[in-house]
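S.K.: Structure in structure tokens, see below.
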Amino acid sequence: DALPIFRKMLSQSGRIQQILCCGNVNNQETYDYLRTICSNIVCARGEYDEFNKQLEDVAIVELEELKFGVLHGHQVVPWGDKDSLAMWQRKLDVDVLIAGNTHVAKFFEFDGKLFLNPGSMTGALTPFECDVTPSFLLLDVQENKIICFTYSIDDGEMKIKKKEYTKDL
């Protein structure tokens with residue numbers, strides 16, 4: 001089970017300044033747990049987030065010199081499609097779009113913008129994928145640059161991938 005490994009790592013970090021969550025938190029207990037990691041949380045509403053009526057379908061936040069859009073991803077049709085994600089990015093007028101729902105971690109640039117999918121911390125299955133690798137992202141945002149660390153659990157072992165993005169000024 002990946003959650004105990006992820007929880008231990010996150011609780012020891014003490015350096016997380018903001019959580020951007022794509023939703024499907026599902027209950028107040030899990031949302032409150034995220035707040036123990038960092039009290040500054042921005043969370044979009046997933047289709048199973050009826051516990052908190054204050055969550056919006058889309059959240060927009062500015063960090064340093066970058067504007068982030070956060071949505072669950074069930075609004076993107078077809079799910080995870082680059083052109084559909086780019087349409088949402090343009091609609092929200094953001095530099096970085098974070099959208100989940102596919103439960104598969106992704107980092108890619110398209111038309112000069114950054115698109116992220118944190119995957120699923122629990123490795124929850126989807127209607128299209130039964131073998132989901134548990135994952136999440138940590139971002140180091142400095143001015144117009146992002147260093148993205150993708151954490152995943154594969155065969156019980158934590159793996160970390162690092163990628164970078166710089167917005168042209």
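Chain lettering (A, B, ...) mirrors the order of the structure tokens, residue numbering begins at 1 for each chain separately, and ligand numbering begins at 1 in order of display.
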Give the helix (DSSP H, G or I) residues of region 25-107 of chain A, as assigned by DSSP on the backbone, as an MDAnalysis selection string.
M.R.: chainID A and resid 28:37 82:92
S.K.: For region 58-62 of chain A, find every residue with an atom within 10 Å (counting only C-alpha atoms), except residues of its own chain fewer than 3 positions away, and show them as a list in words.
M.R.: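 Once the nearby chain positions are removed, what remains is Leu20, Cys21, Cys22, Gly23, Val42, Cys43, Ala44, Arg45, Gly46, Leu55, Glu65, Leu66, Lys67, Phe68, Gly69, Val70, Leu71, His72, Gly73, Gln75, Leu92, Asp93, Val94, Asp95, Val96, Leu97, Ile98 and Ala99 of chain A.
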S.K.: I'd like the neighbourhood of Tyr31 (chain A) as a ChimeraX atom specification, where a residue qualifies if any of its atoms comes within 10 Å (using only C-alpha atoms), though same-chain residues fewer than 4 positions away should be ignored.
M.R.: /A:21,23-27,35-36,41,43,51-52
S.K.: Each residue of region 78-146 of chain A with at least one atom at most 6 Å from region 150-165 of chain A should appear once, together with its nearest atom pair and the corresponding distance in Å (one decimal); atoms considered: only C-alpha atoms; ordering: chain, then increasing residue number; output as a tab-separated table.
M.R.:
```
residue	atom	partner	partner_atom	distance
A:Pro134	CA	A:Ser152	CA	5.5
A:Ser135	CA	A:Ser152	CA	4.2
A:Phe136	CA	A:Tyr151	CA	5.5
A:Leu137	CA	A:Thr150	CA	4.6
A:Lys145	CA	A:Tyr165	CA	5.7
A:Ile146	CA	A:Tyr165	CA	5.2
```
S.K.: Between CA of Gln17 (chain A) and CA of Phe110 (chain A), what is the spacing in Å?
M.R.: 27.1 Å
S.K.: So that I can check the secondary structure, give me every residue of chain A assigned strand (DSSP E or B) by backbone DSSP, as a PyMOL selection string.
M.R.: chain A and resi 19-21+41-44+56+58-63+66-71+96-99+106-110+113-117+135-142+145-154+157-166
S.K.: Any chance you can output those residues with C-alpha atoms as a PDB file, in the first residue's frame?
M.R.:
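Wrote part-v8.pdb, looks like this:
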```pdb
ATOM      1  CA  ILE A  19      -1.166  22.029  -1.892  1.00  0.00           C
ATOM      2  CA  LEU A  20      -2.886  22.109  -5.267  1.00  0.00           C
ATOM      3  CA  CYS A  21      -5.343  19.205  -5.322  1.00  0.00           C
ATOM      4  CA  ILE A  41      -4.675  24.167   0.235  1.00  0.00           C
ATOM      5  CA  VAL A  42      -6.392  24.853  -3.068  1.00  0.00           C
ATOM      6  CA  CYS A  43      -8.677  22.022  -4.097  1.00  0.00           C
ATOM      7  CA  ALA A  44     -10.888  21.665  -7.148  1.00  0.00           C
ATOM      8  CA  GLU A  56     -15.236  24.995  -6.968  1.00  0.00           C
ATOM      9  CA  VAL A  58     -11.949  25.002 -11.197  1.00  0.00           C
ATOM     10  CA  ALA A  59      -9.362  26.737  -9.033  1.00  0.00           C
ATOM     11  CA  ILE A  60      -6.888  29.344 -10.245  1.00  0.00           C
ATOM     12  CA  VAL A  61      -3.862  30.382  -8.227  1.00  0.00           C
ATOM     13  CA  GLU A  62      -0.775  32.465  -8.914  1.00  0.00           C
ATOM     14  CA  LEU A  63       2.561  31.259  -7.581  1.00  0.00           C
ATOM     15  CA  LEU A  66       3.111  31.586 -12.983  1.00  0.00           C
ATOM     16  CA  LYS A  67      -0.650  31.211 -13.145  1.00  0.00           C
ATOM     17  CA  PHE A  68      -1.970  27.718 -12.376  1.00  0.00           C
ATOM     18  CA  GLY A  69      -5.347  26.227 -13.239  1.00  0.00           C
ATOM     19  CA  VAL A  70      -6.513  23.208 -11.250  1.00  0.00           C
ATOM     20  CA  LEU A  71      -9.420  20.971 -12.170  1.00  0.00           C
ATOM     21  CA  VAL A  96       0.181  25.599 -16.079  1.00  0.00           C
ATOM     22  CA  LEU A  97      -2.861  23.331 -16.127  1.00  0.00           C
ATOM     23  CA  ILE A  98      -3.106  20.610 -13.501  1.00  0.00           C
ATOM     24  CA  ALA A  99      -5.815  18.062 -14.283  1.00  0.00           C
ATOM     25  CA  LYS A 106       1.955  13.077 -16.667  1.00  0.00           C
ATOM     26  CA  PHE A 107       4.247  16.033 -17.366  1.00  0.00           C
ATOM     27  CA  PHE A 108       4.256  17.526 -20.833  1.00  0.00           C
ATOM     28  CA  GLU A 109       4.599  20.816 -22.655  1.00  0.00           C
ATOM     29  CA  PHE A 110       2.220  21.757 -25.437  1.00  0.00           C
ATOM     30  CA  LYS A 113       2.386  25.700 -21.741  1.00  0.00           C
ATOM     31  CA  LEU A 114       2.857  23.061 -19.057  1.00  0.00           C
ATOM     32  CA  PHE A 115       0.333  20.308 -18.382  1.00  0.00           C
ATOM     33  CA  LEU A 116       0.497  18.168 -15.260  1.00  0.00           C
ATOM     34  CA  ASN A 117      -1.442  15.193 -13.990  1.00  0.00           C
ATOM     35  CA  SER A 135       1.856   8.685  -7.622  1.00  0.00           C
ATOM     36  CA  PHE A 136       1.855  12.395  -6.799  1.00  0.00           C
ATOM     37  CA  LEU A 137       3.843  15.477  -7.784  1.00  0.00           C
ATOM     38  CA  LEU A 138       5.908  17.960  -5.790  1.00  0.00           C
ATOM     39  CA  LEU A 139       6.682  21.257  -7.495  1.00  0.00           C
ATOM     40  CA  ASP A 140       9.463  23.672  -6.699  1.00  0.00           C
ATOM     41  CA  VAL A 141       8.257  26.978  -8.162  1.00  0.00           C
ATOM     42  CA  GLN A 142      10.778  29.808  -8.428  1.00  0.00           C
ATOM     43  CA  LYS A 145      10.594  28.084 -13.423  1.00  0.00           C
ATOM     44  CA  ILE A 146       9.167  24.807 -12.137  1.00  0.00           C
ATOM     45  CA  ILE A 147      11.123  21.773 -11.048  1.00  0.00           C
ATOM     46  CA  CYS A 148       8.657  18.884 -10.932  1.00  0.00           C
ATOM     47  CA  PHE A 149       9.316  15.741  -8.937  1.00  0.00           C
ATOM     48  CA  THR A 150       7.054  12.789  -9.707  1.00  0.00           C
ATOM     49  CA  TYR A 151       6.921  10.320  -6.827  1.00  0.00           C
ATOM     50  CA  SER A 152       5.595   6.849  -7.550  1.00  0.00           C
ATOM     51  CA  ILE A 153       5.533   3.430  -5.949  1.00  0.00           C
ATOM     52  CA  ASP A 154       6.411   0.595  -8.291  1.00  0.00           C
ATOM     53  CA  GLU A 157       9.787   0.798  -4.166  1.00  0.00           C
ATOM     54  CA  MET A 158       9.594   4.599  -4.283  1.00  0.00           C
ATOM     55  CA  LYS A 159      10.795   6.112  -7.527  1.00  0.00           C
ATOM     56  CA  ILE A 160      11.392   9.794  -8.227  1.00  0.00           C
ATOM     57  CA  LYS A 161      11.551  11.475 -11.632  1.00  0.00           C
ATOM     58  CA  LYS A 162      12.647  15.079 -12.096  1.00  0.00           C
ATOM     59  CA  LYS A 163      11.634  17.374 -14.956  1.00  0.00           C
ATOM     60  CA  GLU A 164      11.878  21.132 -15.476  1.00  0.00           C
ATOM     61  CA  TYR A 165       9.809  23.795 -17.162  1.00  0.00           C
ATOM     62  CA  THR A 166      10.576  27.466 -17.712  1.00  0.00           C
TER      63      THR A 166
END
```
S.K.: How many Å separate CA of Gly80 (chain A) from CA of His103 (chain A)?
M.R.: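 Those two atoms sit 9.8 Å apart.
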S.K.: Neighbouring residues of Cys38 (chain A) were defined as those with any atom within 10 Å, considering only C-alpha atoms; residues of the same chain fewer than 6 positions away were excluded. Please report them as a list of chain:residue names.
M.R.: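 Neighbouring residues, sequence-local ones excluded: A:Leu10, A:Ser11, A:Gly14, A:Arg15, A:Ile16, A:Gln17, A:Gln18, A:Ile19, A:Asp32.
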S.K.: What does the structure give for the distance between CA of Asp49 (chain A) and CA of Asp83 (chain A), in Å to one decimal?
M.R.: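 One can read the CA of Asp49 (chain A) to CA of Asp83 (chain A) distance as 26.4 Å.
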